[in-house]
Amino acid sequence: MSRDNWYKVDNVAKVFLATAAKRDTRTLRVSCTLWEDIDQELLQQAVESSIQVRPQFQVRIRRGVFWHYMEDTDIQPVVEEEHGRVCPKLYSPGRAMLHYKVTYYGNRINLDLFHAISDGTGALEFLNIIVLDYLKLKYPGRFEEVAIHSGASEDDLNQDSYKQFFGSMGLKGSSLKIAYHPSGLKLPYDQLQFFEVHMPTKQLLPKAKELGVSLTSYIGARFMLAIYEDMPPRKRKTPINVSMPVNLRNYYPSYTSRNFFNNVNVSHVFTEPISLEDLAKEFDEKLKANLTEENIKKQMDNFETMEYVAPVRAVPLFIKQWVVRYGSRVTDKKVSVVLSNLGVQKPPQEIASMIENYSAFCSSANLFSTMSSYNDELTLGISSPYSNTRVVKNLVRELTGDGINIRVYATEVIR
């Protein structure tokens, strides 16, 4: 296997590196729940074999003079039973460590991953490789012919697809305004609350169809209304903005296992009463307009061009990081909630019956929800830095009012 010993991080990774903090560790978690309890020793062996298939994750992030870079590392992963917080800190400047971690609890396998290494798509593919290798060890001879392989070469998997497809236009500013954020104090001790909300898709899909919108638009509109119910009267003319990461592999021929996504935004100002049906249709129209290839390319060209501005390239890293942190804080103020739709999960058909469900979380300084479906069940993984839980309660109450059966799990926090 021939690999360069090091390579530069992509532009999105630079943002995660500059803004990682105790509360928002910039870590994402993807989990796979089987129908049986996990054997720790077999899972350890599975992780060790899986990194031979995805060596892109066996890296250590180092600081350069002008930018960070990644280099291969011999640090070996150690599988442990889950303890401590969800989405733990997996990057510390100057510290030699892996930027991913595999844990288990009962029948669930968790993969925590520092977001500078990969996005949700790359993380889920790595998780599925681990799960498949685990099942091969647990049931010798049963799944030997099954493989997870996209057909990509190692260069394809390592590709910085942002650089490959974007960077041909001038710089333009964002037109988004400051958005409303849930009221109340943030949690102490840099904590986050995590909520896992389960719903049957056989109840959700007919509701979205009845409204004439996608499932994403239905959930997005419901989030907007849940946040609106939390707004004090004096702030009800402040926009509510839902930011949604989009997998750019759906638009460009990329097989990279690194980050390759873009955020699109849907905003609404509640100047007058609006029904769920009208709001969902407005949400759906705005989302479809933002998801055209032309609009995505314009936004990404603007973002990627920054790296090639000569004065920026010559600025030392510590100054660049200060600027990136400032820009990220400005962007965060323009987002009420992030809704990341990871889509329908499709493991190899041969092992599908062994898997009960998938779920995901992402650390955040604001309200953040992942959305994924499997086995006729939709799962929302909501992370929140706020002490109050009104928005989540509003959302669950609204969905229940729509006739949706809900199951909710939550982590404990220290008050």
# chains A, B, ... in the order shown; residues from 1 in each chain; ligands from 1
call {"tool": "residues_around", "arguments": {"residues": "His181 of chain A", "least_positions_apart": "4", "cutoff": "9 Å", "atoms": "only C-alpha atoms", "output": "VMD selection string"}}
result
chain A and resid 227 231 240 333 to 337 366 to 367
call {"tool": "residues_around", "arguments": {"residues": "Pro200 of chain A", "least_positions_apart": "2", "cutoff": "8 Å", "atoms": "only C-alpha atoms", "output": "compact mmCIF listing (two decimals) with all heavy atoms, in the first residue's frame"}}
result
# COMPACT_ATOMS: atom_id res chain seq x y z
N HIS A 198 -37.59 8.45 18.34
CA HIS A 198 -37.91 7.40 17.37
C HIS A 198 -39.37 7.51 16.93
O HIS A 198 -40.26 7.69 17.76
CB HIS A 198 -37.67 6.01 17.99
CG HIS A 198 -36.25 5.74 18.34
ND1 HIS A 198 -35.42 5.00 17.53
CD2 HIS A 198 -35.49 6.11 19.41
CE1 HIS A 198 -34.22 4.92 18.08
NE2 HIS A 198 -34.24 5.60 19.22
N LYS A 202 -44.02 4.65 8.65
CA LYS A 202 -45.33 4.36 8.04
C LYS A 202 -46.39 5.37 8.49
O LYS A 202 -47.45 5.48 7.85
CB LYS A 202 -45.77 2.94 8.36
CG LYS A 202 -46.03 2.67 9.83
CD LYS A 202 -46.42 1.21 10.05
CE LYS A 202 -46.66 0.92 11.53
NZ LYS A 202 -47.01 -0.50 11.76
N GLN A 203 -46.11 6.09 9.59
CA GLN A 203 -47.00 7.16 10.03
C GLN A 203 -46.54 8.52 9.49
O GLN A 203 -47.36 9.39 9.20
CB GLN A 203 -47.08 7.20 11.56
CG GLN A 203 -47.72 5.97 12.17
CD GLN A 203 -47.70 6.02 13.70
OE1 GLN A 203 -47.06 6.87 14.31
NE2 GLN A 203 -48.40 5.09 14.32
N LEU A 204 -45.23 8.70 9.35
CA LEU A 204 -44.68 9.99 8.92
C LEU A 204 -44.87 10.24 7.42
O LEU A 204 -45.25 11.34 7.01
CB LEU A 204 -43.19 10.06 9.25
CG LEU A 204 -42.82 10.22 10.72
CD1 LEU A 204 -41.37 9.86 10.94
CD2 LEU A 204 -43.08 11.66 11.17
N ASP A 376 -38.00 0.81 8.82
CA ASP A 376 -39.31 1.46 8.98
C ASP A 376 -39.38 2.35 10.21
O ASP A 376 -40.46 2.52 10.81
CB ASP A 376 -40.44 0.41 9.04
CG ASP A 376 -40.56 -0.38 7.75
OD1 ASP A 376 -40.37 0.21 6.67
OD2 ASP A 376 -40.82 -1.60 7.82
N GLU A 377 -38.25 2.91 10.61
CA GLU A 377 -38.23 3.82 11.76
C GLU A 377 -37.35 5.03 11.46
O GLU A 377 -36.24 4.88 10.95
CB GLU A 377 -37.73 3.09 13.00
CG GLU A 377 -37.81 3.92 14.27
CD GLU A 377 -37.55 3.11 15.52
OE1 GLU A 377 -36.37 2.82 15.81
OE2 GLU A 377 -38.53 2.73 16.20
N LEU A 378 -37.87 6.22 11.75
CA LEU A 378 -37.09 7.45 11.63
C LEU A 378 -36.54 7.81 13.00
O LEU A 378 -37.28 7.78 14.00
CB LEU A 378 -37.95 8.60 11.11
CG LEU A 378 -37.22 9.94 10.94
CD1 LEU A 378 -36.38 9.94 9.68
CD2 LEU A 378 -38.21 11.10 10.90
N ILE A 404 -48.47 10.79 15.37
CA ILE A 404 -47.23 10.02 15.29
C ILE A 404 -46.91 9.42 16.66
O ILE A 404 -46.91 10.12 17.67
CB ILE A 404 -46.05 10.90 14.82
CG1 ILE A 404 -46.43 11.73 13.58
CG2 ILE A 404 -44.82 10.05 14.57
CD1 ILE A 404 -46.81 10.91 12.38
N ASN A 405 -46.64 8.13 16.69
CA ASN A 405 -46.21 7.47 17.94
C ASN A 405 -44.74 7.76 18.18
O ASN A 405 -43.90 7.49 17.32
CB ASN A 405 -46.44 5.96 17.86
CG ASN A 405 -47.92 5.60 17.78
OD1 ASN A 405 -48.76 6.29 18.35
ND2 ASN A 405 -48.24 4.54 17.06
call {"tool": "atom_distance", "arguments": {"atom1": "atom CA of Ser49 of chain A", "atom2": "atom CA of Pro347 of chain A"}}
result
18.1 Å
call {"tool": "closest_residue", "arguments": {"among": "A:Val213, A:Leu113, A:Val53, A:Ala352", "to": "Glu285 of chain A", "atoms": "only C-alpha atoms"}}
result
A:Val213
call {"tool": "closest_residue", "arguments": {"among": "A:Glu398, A:Ser31, A:Asn263, A:Glu350", "to": "Val146 of chain A", "atoms": "only C-alpha atoms"}}
result
A:Glu350
call {"tool": "closest_atom_pairs", "arguments": {"of": "segment 3-57 of chain A", "to": "segment 62-80 of chain A", "cutoff": "10 Å", "atoms": "only C-alpha atoms", "output": "CSV"}}
result
residue,atom,partner,partner_atom,distance
A:Arg3,CA,A:Asp72,CA,8.8
A:Asp4,CA,A:Glu71,CA,8.3
A:Asn5,CA,A:Glu71,CA,5.5
A:Trp6,CA,A:Glu71,CA,4.0
A:Tyr7,CA,A:Met70,CA,5.4
A:Lys8,CA,A:Tyr69,CA,4.4
A:Val9,CA,A:Tyr69,CA,5.4
A:Asp10,CA,A:Tyr69,CA,9.1
A:Asn11,CA,A:Trp67,CA,9.9
A:Ala13,CA,A:His68,CA,9.2
A:Lys14,CA,A:His68,CA,7.4
A:Leu17,CA,A:His68,CA,8.3
A:Ala18,CA,A:His68,CA,9.9
A:Gln40,CA,A:Val79,CA,7.0
A:Glu41,CA,A:Val79,CA,8.3
A:Leu42,CA,A:Val79,CA,9.8
A:Leu43,CA,A:Val79,CA,7.1
A:Gln44,CA,A:Val79,CA,5.5
A:Gln45,CA,A:Val79,CA,9.2
A:Ala46,CA,A:Val79,CA,9.9
A:Val47,CA,A:Pro77,CA,7.5
A:Glu48,CA,A:Pro77,CA,7.4
A:Ile51,CA,A:Pro77,CA,9.3
A:Pro55,CA,A:Asp72,CA,8.4
A:Gln56,CA,A:Asp72,CA,8.3
A:Phe57,CA,A:Asp72,CA,8.8
call {"tool": "select_by_dssp", "arguments": {"residues": "segment 221-380 of chain A", "states": "strand (DSSP E or B)", "output": "ChimeraX atom specification"}}
result
/A:240-247,261-268,337-344,355-362,367-374,377-380
call {"tool": "select_by_dssp", "arguments": {"residues": "segment 146-355 of chain A", "states": "alpha helix (DSSP H)", "output": "PyMOL selection string"}}
result
chain A and resi 154-158+161-165+201-211+215-228+276-290+293-305+310-313+317-332
call {"tool": "residues_around", "arguments": {"residues": "Tyr374 of chain A", "least_positions_apart": "4", "cutoff": "10 Å", "atoms": "only C-alpha atoms", "output": "list in words"}}
result
Pro200, Thr201, Gly343, Val344, Gln345, Lys346, Pro347, Ala352, Ile355, Glu356, Asn357, Tyr358, Ser359, Leu378 and Thr379 of chain A
call {"tool": "residues_around", "arguments": {"residues": "Pro245 of chain A", "least_positions_apart": "4", "cutoff": "7 Å", "atoms": "only C-alpha atoms", "output": "ChimeraX atom specification"}}
result
/A:261-264,340
call {"tool": "write_last_selection", "arguments": {"atoms": "N, CA and C atoms", "output": "mmCIF file, in the first residue's frame"}}
result
data_model
loop_
_atom_site.group_PDB
_atom_site.id
_atom_site.type_symbol
_atom_site.label_atom_id
_atom_site.label_comp_id
_atom_site.auth_asym_id
_atom_site.auth_seq_id
_atom_site.Cartn_x
_atom_site.Cartn_y
_atom_site.Cartn_z
ATOM 1 N N PHE A 261 -19.441 18.133 1.951
ATOM 2 C CA PHE A 261 -20.818 18.555 2.140
ATOM 3 C C PHE A 261 -20.889 20.080 2.107
ATOM 4 N N ASN A 262 -22.108 20.576 2.018
ATOM 5 C CA ASN A 262 -22.357 22.005 1.967
ATOM 6 C C ASN A 262 -23.622 22.287 2.767
ATOM 7 N N ASN A 263 -23.732 23.454 3.360
ATOM 8 C CA ASN A 263 -24.932 23.822 4.108
ATOM 9 C C ASN A 263 -25.843 24.720 3.280
ATOM 10 N N VAL A 264 -27.118 24.360 3.213
ATOM 11 C CA VAL A 264 -28.120 25.240 2.620
ATOM 12 C C VAL A 264 -29.064 25.682 3.734
ATOM 13 N N SER A 340 -29.644 17.792 9.930
ATOM 14 C CA SER A 340 -28.793 17.010 9.029
ATOM 15 C C SER A 340 -29.474 15.687 8.694
#
call {"tool": "residues_around", "arguments": {"residues": "Pro273 of chain A", "least_positions_apart": "2", "cutoff": "12 Å", "atoms": "only C-alpha atoms", "output": "VMD selection string"}}
result
chain A and resid 225 228 to 229 236 to 237 268 to 271 275 to 279
call {"tool": "closest_residue", "arguments": {"among": "A:His149, A:Lys22, A:Lys235, A:Arg142", "to": "Tyr180 of chain A", "atoms": "only C-alpha atoms"}}
result
A:Lys235
call {"tool": "closest_residue", "arguments": {"among": "A:Glu125, A:Glu36, A:Glu82, A:Glu272", "to": "Lys138 of chain A", "atoms": "only C-alpha atoms"}}
result
A:Glu36
call {"tool": "closest_residue", "arguments": {"among": "A:Glu81, A:Leu291, A:Asp39, A:Asp190", "to": "Val131 of chain A", "atoms": "only C-alpha atoms"}}
result
A:Asp39
call {"tool": "closest_residue", "arguments": {"among": "A:Thr389, A:Gln193, A:Gln164, A:Ser328", "to": "Pro253 of chain A", "atoms": "only C-alpha atoms"}}
result
A:Gln164
call {"tool": "atom_distance", "arguments": {"atom1": "atom CA of Phe260 of chain A", "atom2": "atom CA of Arg329 of chain A"}}
result
21.7 Å
call {"tool": "decode", "arguments": {"residues": "segment 200-214 of chain A", "atoms": "all heavy atoms", "output": "PDB file, in the first residue's frame"}}
result
ATOM      1  N   PRO A 200     -42.265   5.877  13.727  1.00  0.00           N
ATOM      2  CA  PRO A 200     -42.476   4.956  12.604  1.00  0.00           C
ATOM      3  C   PRO A 200     -42.659   5.712  11.285  1.00  0.00           C
ATOM      4  O   PRO A 200     -43.474   6.633  11.198  1.00  0.00           O
ATOM      5  CB  PRO A 200     -43.751   4.199  12.994  1.00  0.00           C
ATOM      6  CG  PRO A 200     -44.432   5.053  13.996  1.00  0.00           C
ATOM      7  CD  PRO A 200     -43.389   5.857  14.687  1.00  0.00           C
ATOM      8  N   THR A 201     -41.902   5.332  10.277  1.00  0.00           N
ATOM      9  CA  THR A 201     -42.000   6.017   8.980  1.00  0.00           C
ATOM     10  C   THR A 201     -43.356   5.766   8.317  1.00  0.00           C
ATOM     11  O   THR A 201     -43.819   6.580   7.520  1.00  0.00           O
ATOM     12  CB  THR A 201     -40.879   5.559   8.032  1.00  0.00           C
ATOM     13  OG1 THR A 201     -40.891   4.122   7.949  1.00  0.00           O
ATOM     14  CG2 THR A 201     -39.528   6.015   8.534  1.00  0.00           C
ATOM     15  N   LYS A 202     -44.023   4.651   8.647  1.00  0.00           N
ATOM     16  CA  LYS A 202     -45.331   4.361   8.041  1.00  0.00           C
ATOM     17  C   LYS A 202     -46.394   5.367   8.494  1.00  0.00           C
ATOM     18  O   LYS A 202     -47.450   5.480   7.852  1.00  0.00           O
ATOM     19  CB  LYS A 202     -45.768   2.940   8.361  1.00  0.00           C
ATOM     20  CG  LYS A 202     -46.031   2.669   9.829  1.00  0.00           C
ATOM     21  CD  LYS A 202     -46.418   1.209  10.051  1.00  0.00           C
ATOM     22  CE  LYS A 202     -46.663   0.920  11.526  1.00  0.00           C
ATOM     23  NZ  LYS A 202     -47.014  -0.500  11.758  1.00  0.00           N
ATOM     24  N   GLN A 203     -46.107   6.091   9.588  1.00  0.00           N
ATOM     25  CA  GLN A 203     -47.005   7.161  10.028  1.00  0.00           C
ATOM     26  C   GLN A 203     -46.543   8.515   9.492  1.00  0.00           C
ATOM     27  O   GLN A 203     -47.356   9.389   9.202  1.00  0.00           O
ATOM     28  CB  GLN A 203     -47.082   7.200  11.559  1.00  0.00           C
ATOM     29  CG  GLN A 203     -47.719   5.969  12.173  1.00  0.00           C
ATOM     30  CD  GLN A 203     -47.699   6.021  13.699  1.00  0.00           C
ATOM     31  OE1 GLN A 203     -47.058   6.872  14.312  1.00  0.00           O
ATOM     32  NE2 GLN A 203     -48.405   5.086  14.321  1.00  0.00           N
ATOM     33  N   LEU A 204     -45.228   8.695   9.347  1.00  0.00           N
ATOM     34  CA  LEU A 204     -44.678   9.987   8.916  1.00  0.00           C
ATOM     35  C   LEU A 204     -44.869  10.237   7.423  1.00  0.00           C
ATOM     36  O   LEU A 204     -45.253  11.340   7.011  1.00  0.00           O
ATOM     37  CB  LEU A 204     -43.187  10.059   9.253  1.00  0.00           C
ATOM     38  CG  LEU A 204     -42.822  10.225  10.724  1.00  0.00           C
ATOM     39  CD1 LEU A 204     -41.367   9.865  10.939  1.00  0.00           C
ATOM     40  CD2 LEU A 204     -43.081  11.658  11.174  1.00  0.00           C
ATOM     41  N   LEU A 205     -44.582   9.234   6.610  1.00  0.00           N
ATOM     42  CA  LEU A 205     -44.623   9.426   5.158  1.00  0.00           C
ATOM     43  C   LEU A 205     -46.007   9.832   4.654  1.00  0.00           C
ATOM     44  O   LEU A 205     -46.121  10.753   3.831  1.00  0.00           O
ATOM     45  CB  LEU A 205     -44.130   8.166   4.454  1.00  0.00           C
ATOM     46  CG  LEU A 205     -42.626   7.890   4.594  1.00  0.00           C
ATOM     47  CD1 LEU A 205     -42.271   6.525   4.007  1.00  0.00           C
ATOM     48  CD2 LEU A 205     -41.797   8.981   3.927  1.00  0.00           C
ATOM     49  N   PRO A 206     -47.094   9.199   5.119  1.00  0.00           N
ATOM     50  CA  PRO A 206     -48.418   9.653   4.679  1.00  0.00           C
ATOM     51  C   PRO A 206     -48.726  11.098   5.090  1.00  0.00           C
ATOM     52  O   PRO A 206     -49.397  11.823   4.357  1.00  0.00           O
ATOM     53  CB  PRO A 206     -49.374   8.676   5.366  1.00  0.00           C
ATOM     54  CG  PRO A 206     -48.560   7.454   5.615  1.00  0.00           C
ATOM     55  CD  PRO A 206     -47.188   7.975   5.930  1.00  0.00           C
ATOM     56  N   LYS A 207     -48.193  11.515   6.273  1.00  0.00           N
ATOM     57  CA  LYS A 207     -48.423  12.889   6.720  1.00  0.00           C
ATOM     58  C   LYS A 207     -47.719  13.870   5.791  1.00  0.00           C
ATOM     59  O   LYS A 207     -48.307  14.890   5.390  1.00  0.00           O
ATOM     60  CB  LYS A 207     -47.905  13.052   8.154  1.00  0.00           C
ATOM     61  CG  LYS A 207     -48.210  14.417   8.758  1.00  0.00           C
ATOM     62  CD  LYS A 207     -49.706  14.630   8.887  1.00  0.00           C
ATOM     63  CE  LYS A 207     -50.025  16.013   9.450  1.00  0.00           C
ATOM     64  NZ  LYS A 207     -51.487  16.237   9.553  1.00  0.00           N
ATOM     65  N   ALA A 208     -46.464  13.592   5.427  1.00  0.00           N
ATOM     66  CA  ALA A 208     -45.734  14.455   4.504  1.00  0.00           C
ATOM     67  C   ALA A 208     -46.421  14.470   3.134  1.00  0.00           C
ATOM     68  O   ALA A 208     -46.543  15.524   2.496  1.00  0.00           O
ATOM     69  CB  ALA A 208     -44.287  13.993   4.375  1.00  0.00           C
ATOM     70  N   LYS A 209     -46.875  13.297   2.684  1.00  0.00           N
ATOM     71  CA  LYS A 209     -47.555  13.208   1.383  1.00  0.00           C
ATOM     72  C   LYS A 209     -48.848  14.001   1.395  1.00  0.00           C
ATOM     73  O   LYS A 209     -49.206  14.662   0.407  1.00  0.00           O
ATOM     74  CB  LYS A 209     -47.828  11.738   1.050  1.00  0.00           C
ATOM     75  CG  LYS A 209     -48.402  11.518  -0.338  1.00  0.00           C
ATOM     76  CD  LYS A 209     -48.558  10.035  -0.640  1.00  0.00           C
ATOM     77  CE  LYS A 209     -49.113   9.838  -2.050  1.00  0.00           C
ATOM     78  NZ  LYS A 209     -49.271   8.382  -2.361  1.00  0.00           N
ATOM     79  N   GLU A 210     -49.553  13.949   2.494  1.00  0.00           N
ATOM     80  CA  GLU A 210     -50.804  14.711   2.643  1.00  0.00           C
ATOM     81  C   GLU A 210     -50.562  16.207   2.482  1.00  0.00           C
ATOM     82  O   GLU A 210     -51.376  16.931   1.905  1.00  0.00           O
ATOM     83  CB  GLU A 210     -51.407  14.406   4.022  1.00  0.00           C
ATOM     84  CG  GLU A 210     -52.650  15.197   4.367  1.00  0.00           C
ATOM     85  CD  GLU A 210     -53.056  14.988   5.818  1.00  0.00           C
ATOM     86  OE1 GLU A 210     -52.832  13.872   6.342  1.00  0.00           O
ATOM     87  OE2 GLU A 210     -53.570  15.938   6.433  1.00  0.00           O
ATOM     88  N   LEU A 211     -49.406  16.665   2.981  1.00  0.00           N
ATOM     89  CA  LEU A 211     -49.050  18.085   2.871  1.00  0.00           C
ATOM     90  C   LEU A 211     -48.427  18.409   1.521  1.00  0.00           C
ATOM     91  O   LEU A 211     -48.233  19.590   1.194  1.00  0.00           O
ATOM     92  CB  LEU A 211     -48.072  18.461   3.994  1.00  0.00           C
ATOM     93  CG  LEU A 211     -48.601  18.330   5.431  1.00  0.00           C
ATOM     94  CD1 LEU A 211     -47.478  18.555   6.429  1.00  0.00           C
ATOM     95  CD2 LEU A 211     -49.743  19.311   5.687  1.00  0.00           C
ATOM     96  N   GLY A 212     -48.068  17.383   0.760  1.00  0.00           N
ATOM     97  CA  GLY A 212     -47.462  17.586  -0.548  1.00  0.00           C
ATOM     98  C   GLY A 212     -46.014  18.015  -0.490  1.00  0.00           C
ATOM     99  O   GLY A 212     -45.539  18.753  -1.369  1.00  0.00           O
ATOM    100  N   VAL A 213     -45.267  17.529   0.545  1.00  0.00           N
ATOM    101  CA  VAL A 213     -43.872  17.928   0.726  1.00  0.00           C
ATOM    102  C   VAL A 213     -43.017  16.708   1.025  1.00  0.00           C
ATOM    103  O   VAL A 213     -43.521  15.606   1.272  1.00  0.00           O
ATOM    104  CB  VAL A 213     -43.727  18.953   1.873  1.00  0.00           C
ATOM    105  CG1 VAL A 213     -44.564  20.193   1.599  1.00  0.00           C
ATOM    106  CG2 VAL A 213     -44.114  18.329   3.229  1.00  0.00           C
ATOM    107  N   SER A 214     -41.697  16.902   1.012  1.00  0.00           N
ATOM    108  CA  SER A 214     -40.781  15.828   1.389  1.00  0.00           C
ATOM    109  C   SER A 214     -40.800  15.639   2.901  1.00  0.00           C
ATOM    110  O   SER A 214     -41.236  16.524   3.654  1.00  0.00           O
ATOM    111  CB  SER A 214     -39.357  16.167   0.942  1.00  0.00           C
ATOM    112  OG  SER A 214     -38.847  17.258   1.690  1.00  0.00           O
TER     113      SER A 214
END
